[in-house]
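Visitor: Here you go, model02.csv (CSV, C-alpha atoms):
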chain,number,residue,atom,x,y,z
A,14,MET,CA,-55.6,-10.2,-44.0
A,15,ARG,CA,-54.5,-6.6,-44.5
A,16,GLY,CA,-54.2,-6.0,-40.7
A,17,ARG,CA,-52.1,-9.1,-40.2
A,18,ARG,CA,-49.7,-8.0,-42.9
A,19,ARG,CA,-49.5,-4.5,-41.3
A,20,ARG,CA,-48.7,-6.1,-37.9
A,21,GLY,CA,-45.9,-8.1,-39.6
A,22,GLN,CA,-44.5,-5.0,-41.1
A,23,PHE,CA,-44.4,-3.2,-37.7
A,24,ALA,CA,-42.6,-6.3,-36.1
A,25,LEU,CA,-40.1,-6.2,-39.0
A,26,LEU,CA,-39.6,-2.5,-38.5
A,27,GLY,CA,-39.0,-3.1,-34.7
A,28,VAL,CA,-36.5,-5.9,-35.4
A,29,ILE,CA,-34.6,-3.7,-37.9
A,30,VAL,CA,-34.5,-0.7,-35.4
A,31,LEU,CA,-33.2,-3.1,-32.6
A,32,ALA,CA,-30.6,-4.5,-35.0
A,33,VAL,CA,-29.4,-1.1,-35.9
A,34,THR,CA,-29.2,-0.1,-32.3
A,35,LEU,CA,-27.2,-3.1,-31.3
A,36,LEU,CA,-24.9,-2.6,-34.3
A,37,ALA,CA,-24.3,1.0,-33.2
A,38,ILE,CA,-23.5,-0.1,-29.6
A,39,VAL,CA,-21.0,-2.7,-30.9
A,40,ALA,CA,-19.4,-0.1,-33.2
A,41,SER,CA,-19.0,2.4,-30.5
A,42,ARG,CA,-17.3,0.1,-28.0
A,43,PRO,CA,-14.2,-1.6,-29.5
A,44,PRO,CA,-13.5,-5.1,-28.2
A,45,GLU,CA,-10.4,-4.2,-26.1
A,46,PRO,CA,-9.7,-5.2,-22.5
A,47,ALA,CA,-10.8,-2.6,-20.0
A,48,PHE,CA,-8.6,-2.3,-16.9
A,49,ALA,CA,-9.9,-2.0,-13.4
A,50,PHE,CA,-7.6,-0.1,-11.1
A,51,GLU,CA,-7.6,-0.9,-7.4
A,52,ARG,CA,-6.1,1.9,-5.4
A,53,GLY,CA,-6.9,1.5,-1.7
A,54,PRO,CA,-4.2,-0.9,-0.5
A,55,MET,CA,-1.5,0.8,-2.5
A,56,GLN,CA,-2.3,4.3,-1.2
A,57,SER,CA,-2.5,3.0,2.4
A,58,ALA,CA,0.9,1.4,2.0
A,59,GLN,CA,2.3,4.6,0.5
A,60,LEU,CA,1.0,6.7,3.4
A,61,ILE,CA,2.4,4.2,5.9
A,62,HIS,CA,5.7,4.3,4.1
A,63,LEU,CA,5.6,8.2,4.3
A,64,ALA,CA,4.7,8.1,8.0
A,65,ARG,CA,7.7,5.9,8.8
A,66,TYR,CA,10.0,8.3,6.9
A,67,CYS,CA,8.5,11.2,8.8
A,68,LEU,CA,9.2,9.4,12.1
A,69,ALA,CA,12.7,8.6,11.0
A,70,VAL,CA,13.6,12.2,10.1
A,71,GLY,CA,11.9,13.7,13.2
A,72,CYS,CA,8.2,14.0,12.7
A,73,GLY,CA,6.0,17.0,13.5
A,74,ASN,CA,2.7,18.2,12.1
A,75,GLU,CA,4.3,20.7,9.7
A,76,THR,CA,6.8,18.1,8.4
A,77,LEU,CA,4.1,15.5,7.9
A,78,ARG,CA,1.7,17.9,6.1
A,79,SER,CA,4.5,19.1,3.9
A,80,LEU,CA,5.4,15.5,3.0
A,81,VAL,CA,1.7,14.8,2.2
A,82,ARG,CA,1.6,17.9,-0.1
A,83,ASP,CA,4.6,16.7,-1.9
A,84,LEU,CA,3.1,13.3,-2.3
A,85,GLN,CA,-0.1,14.8,-3.7
A,86,ALA,CA,2.0,16.8,-6.2
A,87,TYR,CA,3.6,13.5,-7.3
A,88,ASN,CA,0.1,12.0,-7.6
A,89,ALA,CA,-0.7,14.6,-10.3
A,90,SER,CA,2.0,13.3,-12.6
A,91,GLU,CA,2.6,9.7,-11.5
A,92,PRO,CA,-0.1,6.9,-11.3
A,93,LEU,CA,-0.2,6.7,-7.6
A,94,LEU,CA,-4.0,6.4,-7.8
A,95,MET,CA,-4.5,8.3,-4.5
A,96,TYR,CA,-7.7,9.3,-2.9
A,97,PRO,CA,-7.7,12.9,-1.6
A,98,VAL,CA,-5.9,13.2,1.8
A,99,LEU,CA,-8.2,15.4,4.0
A,100,ASP,CA,-6.0,15.6,7.1
A,101,ALA,CA,-2.8,14.4,8.6
A,102,TYR,CA,-1.5,14.7,12.1
A,103,TYR,CA,1.3,13.4,14.3
A,104,LYS,CA,1.3,12.8,18.1
A,105,GLY,CA,4.1,11.6,20.2
A,106,ASP,CA,3.9,10.5,23.8
A,107,VAL,CA,6.6,9.4,26.3
A,108,SER,CA,5.7,8.0,29.7
A,109,SER,CA,7.8,6.3,32.4
A,110,THR,CA,8.0,3.0,30.6
A,111,ARG,CA,6.8,3.5,27.1
A,112,ALA,CA,7.1,5.7,24.0
A,113,VAL,CA,4.3,5.9,21.5
A,114,ASP,CA,4.3,7.7,18.1
A,115,HIS,CA,1.0,8.0,16.3
A,116,VAL,CA,0.6,9.2,12.7
A,117,SER,CA,-2.9,9.4,11.3
A,118,PHE,CA,-4.2,10.3,7.8
A,119,THR,CA,-7.8,10.9,6.9
A,120,ILE,CA,-8.6,10.0,3.3
A,121,GLN,CA,-11.7,10.5,1.3
A,122,THR,CA,-12.7,7.1,-0.1
A,123,LEU,CA,-15.8,6.1,-2.0
A,124,ARG,CA,-17.3,5.3,1.4
A,125,GLY,CA,-16.5,8.7,2.9
A,126,PRO,CA,-13.7,9.9,5.2
A,127,GLU,CA,-11.6,6.9,6.5
A,128,ALA,CA,-8.4,6.7,8.6
A,129,VAL,CA,-5.0,5.2,7.8
A,130,GLU,CA,-2.9,5.1,10.9
A,131,VAL,CA,0.6,4.1,12.0
A,132,VAL,CA,1.3,3.5,15.7
A,133,VAL,CA,4.8,2.8,16.9
A,134,VAL,CA,5.2,1.5,20.4
A,135,ALA,CA,8.3,0.8,22.5
A,136,GLN,CA,7.6,-0.5,26.0
A,137,ALA,CA,10.4,-1.4,28.3
A,138,GLY,CA,10.2,-3.6,31.5
A,139,PHE,CA,12.0,-3.1,34.8
A,140,VAL,CA,15.8,-3.5,35.1
A,141,LEU,CA,16.7,-7.1,35.5
A,142,ASN,CA,20.4,-6.9,36.3
A,143,THR,CA,23.6,-5.0,35.4
A,144,PHE,CA,26.9,-6.0,33.9
A,145,SER,CA,30.0,-4.4,32.6
A,146,LYS,CA,31.1,-4.4,28.9
A,147,ASN,CA,34.3,-3.3,27.3
A,148,TYR,CA,33.8,-1.7,24.0
A,149,HIS,CA,36.6,-0.1,22.0
A,150,GLY,CA,38.7,0.3,25.1
A,151,VAL,CA,35.9,1.9,27.2
A,152,THR,CA,34.2,0.1,30.0
A,153,TYR,CA,30.4,0.5,30.2
A,154,ILE,CA,28.0,-0.6,32.9
A,155,LEU,CA,24.9,-1.8,31.1
A,156,LYS,CA,21.5,-2.6,32.5
A,157,ASN,CA,19.4,-5.5,31.2
A,158,THR,CA,15.7,-5.1,30.5
A,159,THR,CA,13.1,-6.4,28.1
A,160,LEU,CA,11.6,-4.4,25.3
A,161,THR,CA,8.4,-4.9,23.4
A,162,TYR,CA,8.5,-3.0,20.1
A,163,CYS,CA,6.0,-3.1,17.2
A,164,HIS,CA,4.4,-1.1,14.4
A,165,VAL,CA,0.7,-1.2,14.0
A,166,TYR,CA,-0.6,-0.3,10.5
A,167,THR,CA,-4.4,0.3,10.2
A,168,SER,CA,-6.2,0.8,6.9
A,169,PRO,CA,-9.8,0.2,5.8
A,170,PHE,CA,-8.4,-1.6,2.8
A,171,PHE,CA,-6.3,-4.2,4.7
A,172,PRO,CA,-8.0,-7.6,5.1
A,173,PRO,CA,-8.6,-9.0,8.6
A,174,GLN,CA,-5.4,-10.2,10.2
A,175,GLN,CA,-4.4,-12.9,12.6
A,176,ASN,CA,-2.5,-10.7,15.0
A,177,THR,CA,-3.7,-11.9,18.4
A,178,LEU,CA,-0.6,-14.0,19.1
A,179,LEU,CA,1.7,-11.0,18.8
A,180,PRO,CA,2.4,-9.3,22.2
A,181,CYS,CA,2.0,-5.7,20.9
A,182,PRO,CA,1.1,-3.5,23.8
A,183,VAL,CA,-1.5,-1.3,21.9
A,184,ALA,CA,-5.1,-1.9,21.1
A,185,HIS,CA,-5.8,-2.5,17.4
A,186,GLY,CA,-8.6,-3.6,15.3
A,187,ALA,CA,-9.0,-6.6,13.0
A,188,ASN,CA,-7.9,-4.7,10.0
A,189,ALA,CA,-4.5,-3.7,11.5
A,190,VAL,CA,-1.2,-5.2,10.4
A,191,VAL,CA,1.2,-5.7,13.3
A,192,TYR,CA,4.8,-5.8,12.3
A,193,CYS,CA,7.9,-6.4,14.5
A,194,PRO,CA,10.8,-4.6,12.8
A,195,ARG,CA,14.5,-5.5,13.5
A,196,ILE,CA,16.2,-3.1,15.9
A,197,HIS,CA,19.9,-2.2,16.4
A,198,ASP,CA,22.2,0.3,18.1
A,199,PRO,CA,24.4,2.1,15.5
A,200,SER,CA,26.9,3.1,18.2
A,201,GLY,CA,27.4,-0.6,19.1
A,202,VAL,CA,27.4,0.1,22.9
A,203,ALA,CA,24.0,-1.3,23.7
A,204,GLU,CA,23.3,-5.0,23.3
A,205,VAL,CA,20.1,-6.1,21.5
A,206,LYS,CA,18.9,-9.6,21.1
A,207,GLN,CA,15.5,-10.8,19.9
A,208,VAL,CA,13.9,-13.3,22.3
A,209,GLY,CA,10.4,-13.6,20.7
A,210,PRO,CA,7.9,-11.9,18.4
A,211,CYS,CA,8.2,-8.2,19.0
A,212,THR,CA,10.1,-8.9,22.2
A,213,TRP,CA,13.8,-8.0,22.7
A,214,ALA,CA,16.4,-8.4,25.5
A,215,VAL,CA,18.3,-5.1,25.5
A,216,ALA,CA,21.1,-3.8,27.6
A,217,ILE,CA,21.7,-0.1,27.6
A,218,PRO,CA,24.2,2.1,29.5
A,219,ILE,CA,23.2,2.5,33.1
A,220,ASP,CA,23.4,6.3,33.0
A,221,TYR,CA,20.5,6.6,30.5
A,222,ASN,CA,16.8,6.6,31.4
A,223,LEU,CA,16.0,7.1,27.8
A,224,TYR,CA,18.2,5.5,25.2
A,225,THR,CA,17.6,5.5,21.5
A,226,LEU,CA,18.0,2.5,19.3
A,227,TYR,CA,16.9,2.4,15.6
A,228,ASP,CA,14.8,0.0,13.7
A,229,GLU,CA,15.2,-1.4,10.1
A,230,PHE,CA,13.3,1.6,8.6
A,231,GLY,CA,15.5,4.2,10.4
A,232,VAL,CA,12.8,5.0,12.9
A,233,PRO,CA,14.2,5.8,16.4
A,234,VAL,CA,13.3,3.3,19.1
A,235,ARG,CA,13.1,5.1,22.4
A,236,VAL,CA,13.8,2.8,25.3
A,237,VAL,CA,12.5,4.3,28.5
A,238,VAL,CA,13.7,2.4,31.5
A,239,PRO,CA,12.0,3.3,34.9
B,9,MET,CA,-42.3,-11.6,-46.3
B,10,ARG,CA,-41.7,-14.4,-43.9
B,11,HIS,CA,-38.2,-14.9,-45.4
B,12,LEU,CA,-37.5,-11.3,-44.8
B,13,GLU,CA,-38.6,-11.6,-41.1
B,14,ALA,CA,-36.5,-14.7,-40.6
B,15,LEU,CA,-33.5,-12.9,-42.1
B,16,ALA,CA,-34.1,-9.9,-39.7
B,17,ILE,CA,-34.4,-12.2,-36.7
B,18,ALA,CA,-31.2,-14.0,-37.7
B,19,LEU,CA,-29.5,-10.6,-38.1
B,20,VAL,CA,-30.5,-9.6,-34.5
B,21,TYR,CA,-29.3,-13.0,-33.3
B,22,ALA,CA,-25.9,-12.4,-34.9
B,23,VAL,CA,-25.6,-8.9,-33.7
B,24,THR,CA,-26.5,-9.9,-30.1
B,25,ALA,CA,-23.9,-12.7,-30.2
B,26,ALA,CA,-21.3,-10.2,-31.5
B,27,LEU,CA,-22.2,-7.8,-28.7
B,28,MET,CA,-21.9,-10.5,-26.1
B,29,TYR,CA,-18.5,-11.5,-27.5
B,30,ALA,CA,-17.4,-7.8,-27.3
B,31,THR,CA,-18.6,-7.5,-23.8
B,32,ALA,CA,-16.7,-10.6,-22.7
B,33,ALA,CA,-13.6,-9.4,-24.4
B,34,ARG,CA,-13.8,-6.1,-22.6
B,35,GLN,CA,-13.9,-7.7,-19.2
B,36,ALA,CA,-10.9,-6.7,-17.0
B,37,VAL,CA,-8.3,-9.2,-16.2
B,38,PRO,CA,-8.3,-8.4,-12.6
B,39,VAL,CA,-6.0,-11.0,-11.1
B,40,HIS,CA,-2.8,-9.9,-12.7
B,41,GLN,CA,-3.5,-6.2,-12.2
B,42,VAL,CA,-4.5,-6.7,-8.6
B,43,SER,CA,-1.4,-8.8,-8.0
B,44,ALA,CA,0.8,-6.0,-9.4
B,45,GLU,CA,-1.0,-3.4,-7.3
B,46,ARG,CA,-0.7,-5.6,-4.2
B,47,ALA,CA,2.9,-6.3,-5.0
B,48,VAL,CA,3.7,-2.5,-5.0
B,49,ALA,CA,1.7,-2.1,-1.7
B,50,TYR,CA,3.5,-5.0,-0.1
B,51,ALA,CA,6.9,-3.7,-1.2
B,52,LEU,CA,6.1,-0.2,0.2
B,53,LEU,CA,5.2,-1.7,3.5
B,54,LYS,CA,8.3,-3.9,3.6
B,55,CYS,CA,10.9,-1.5,2.4
B,56,GLN,CA,12.3,2.0,3.1
B,57,THR,CA,14.9,2.0,0.3
B,58,ALA,CA,14.7,1.9,-3.5
B,59,PRO,CA,16.9,-1.2,-3.9
B,60,CYS,CA,14.8,-3.1,-1.4
B,61,LEU,CA,11.6,-2.1,-3.2
B,62,LEU,CA,12.9,-3.1,-6.6
B,63,ASP,CA,14.1,-6.5,-5.2
B,64,SER,CA,10.7,-7.1,-3.6
B,65,LEU,CA,8.9,-6.3,-6.9
B,66,ASN,CA,11.2,-8.5,-9.0
B,67,GLN,CA,10.5,-11.4,-6.6
B,68,SER,CA,6.8,-11.0,-6.4
B,69,VAL,CA,5.5,-9.9,-9.8
B,70,SER,CA,6.4,-10.2,-13.4
B,71,VAL,CA,6.8,-6.6,-14.7
B,72,SER,CA,6.8,-5.6,-18.4
B,73,ALA,CA,8.4,-2.3,-17.8
B,74,LEU,CA,10.1,-0.6,-14.9
B,75,TYR,CA,11.2,3.1,-14.6
B,76,VAL,CA,13.2,4.7,-11.8
B,77,ASN,CA,13.0,8.5,-11.7
B,78,GLY,CA,11.7,8.4,-15.3
B,79,THR,CA,14.7,6.3,-16.6
B,80,PRO,CA,13.7,2.9,-18.0
B,81,VAL,CA,15.4,0.0,-16.1
B,82,THR,CA,13.4,-2.6,-18.0
B,83,SER,CA,11.8,-1.6,-21.3
B,84,GLY,CA,8.6,-3.1,-22.5
B,85,ASP,CA,5.0,-2.5,-23.1
B,86,ALA,CA,3.5,0.0,-20.7
B,87,TRP,CA,0.1,-1.6,-20.3
B,88,VAL,CA,-1.1,-0.7,-16.9
B,89,CYS,CA,1.3,1.2,-14.6
B,90,TYR,CA,1.5,1.9,-10.9
B,91,SER,CA,3.9,4.3,-9.2
B,92,ALA,CA,5.4,4.4,-5.8
B,93,ILE,CA,7.4,7.1,-4.2
B,94,VAL,CA,10.2,5.7,-2.1
B,95,TYR,CA,11.3,7.9,0.9
B,96,ASP,CA,14.7,6.7,1.9
B,97,ALA,CA,15.3,7.7,5.5
B,98,PHE,CA,18.9,6.6,5.5
B,99,ASN,CA,20.2,9.0,2.8
B,100,GLY,CA,17.3,11.4,2.5
B,101,THR,CA,16.5,10.6,-1.1
B,102,VAL,CA,13.1,10.4,-2.8
B,103,THR,CA,12.8,7.9,-5.7
B,104,ARG,CA,10.0,7.6,-8.2
B,105,VAL,CA,9.4,4.0,-9.2
B,106,ARG,CA,6.9,3.1,-12.0
B,107,VAL,CA,5.9,-0.5,-12.5
B,108,CYS,CA,4.0,-1.6,-15.6
B,109,ALA,CA,2.4,-5.0,-15.9
B,110,ARG,CA,0.7,-6.9,-18.8
B,111,PRO,CA,-2.9,-8.0,-18.5
Just dump the structure as structure tokens.

Guide:
Amino acid sequence: MRGRRRRGQFALLGVIVLAVTLLAIVASRPPEPAFAFERGPMQSAQLIHLARYCLAVGCGNETLRSLVRDLQAYNASEPLLMYPVLDAYYKGDVSSTRAVDHVSFTIQTLRGPEAVEVVVVAQAGFVLNTFSKNYHGVTYILKNTTLTYCHVYTSPFFPPQQNTLLPCPVAHGANAVVYCPRIHDPSGVAEVKQVGPCTWAVAIPIDYNLYTLYDEFGVPVRVVVP
Amino acid sequence: MRHLEALAIALVYAVTAALMYATAARQAVPVHQVSAERAVAYALLKCQTAPCLLDSLNQSVSVSALYVNGTPVTSGDAWVCYSAIVYDAFNGTVTRVRVCARP
């Protein structure tokens, strides 16, 4: 009888200790909403936006790294929620029919170093025909060609895309966003007409083997006609 | 003694229920926040100028407060905020945009 009563007292003591512990937990955590920040897609988009600006103003490795340093300085005072940027590089390449600009960032995510990339491709076909055009009292001989122009944005945070129907002439993974920006000629001499997704009929002055148009982001579109 | 034990068990039951309620109340409201964050990401991908970005945000998400270069454009509760730096290639300006959304 005495032992049973003692066991009951121990059980009661345990229950009281548990109750006090739970009360302490409740008291220490006020019932307010907690916010979960998601930062991968926004940082990827911010870096892609920065890369386009770099291409528009004339990108080089020094310019790009300087822009990244400025962005990281903003990150200290603004809620950009950026992962650390470990490296950034730019590479441009012009061949006989195509111009490729490649900007790559390496960011330190929770999974380890991962890449955010921007590839801008302009690929021209052969000359189809020529014709003359009078513009502001000057006669130009223009040559017609087709141009395939696209931006490819790759990020580990972008969901898989359905890009297979777009005729973008660069290899890209499932997590790449392919975008076909609008293009124009600020001088008005060249003629530009969209004929399909990422595909344009362009007519540029016959004297030029490399003629520069611009896309909607201000990025130069280098048309290289063989 | 039995009454005392029953009272203690009832107390534990009540405290546990309170703890569960508090835990449920503390859960994040992820849909709105993610939509605000995704809206900023989408606007950054789509735009290269500040007016374009602001238009895109106004169309895609309900913001409670909006600041451009630290100046409030729409004043309200700053619950959860995201910032974007807009690099305008056409006039060379850099604009800080801060978007705040309610949970």

Visitor: For chain B, report every residue with an atom at most 8 Å from chain A (counting all atoms listed in the file), formatted as a PyMOL selection string.

Guide: chain B and resi 13+16-17+19-20+23-24+26-27+30-31+33-38+41-42+45-46+48-50+52-53+55-56+88-98+106

Visitor: Quick check, in Å to one decimal: how far apart do atom CA of A:Gly71 and atom CA of A:Gln136 lie?

Guide: 19.6 Å

Visitor: Write out as a list of chain:residue names each polymer residue whose atoms come within 12 Å of B:Thr82, counting only C-alpha atoms; drop sequence neighbours fewer than 6 positions from it.

Guide: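 So, after excluding close chain neighbours, the residues are B:Leu62, B:Asn66, B:Ser70, B:Val71, B:Ser72, B:Ala73, B:Leu74, B:Tyr75, B:Val76, B:Val105, B:Arg106, B:Val107, B:Cys108, B:Ala109.
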
Visitor: Could you tell me which of B:Thr57, B:Ser64, B:Thr103, B:Ser43 comes closest to B:Gly78 if we count all atoms listed in the file?

Guide: B:Thr103

Visitor: Interatomic distance between atom CA of A:Lys206 and atom CA of A:Asp220?

Guide: 20.4 Å

Visitor: Closest to A:His164 among A:Asp100, A:Ala135, A:Ala86, A:Asn142, using all atoms listed in the file?

Guide: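 Going through A:Asp100, A:Ala135, A:Ala86, A:Asn142 one by one, the smallest distance to A:His164 is for A:Ala135.
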
Visitor: Using all atoms listed in the file, which residue out of A:Asn222, A:Gln174, A:Asn74, A:Gln121 lies closest to A:Leu155?

Guide: A:Asn222
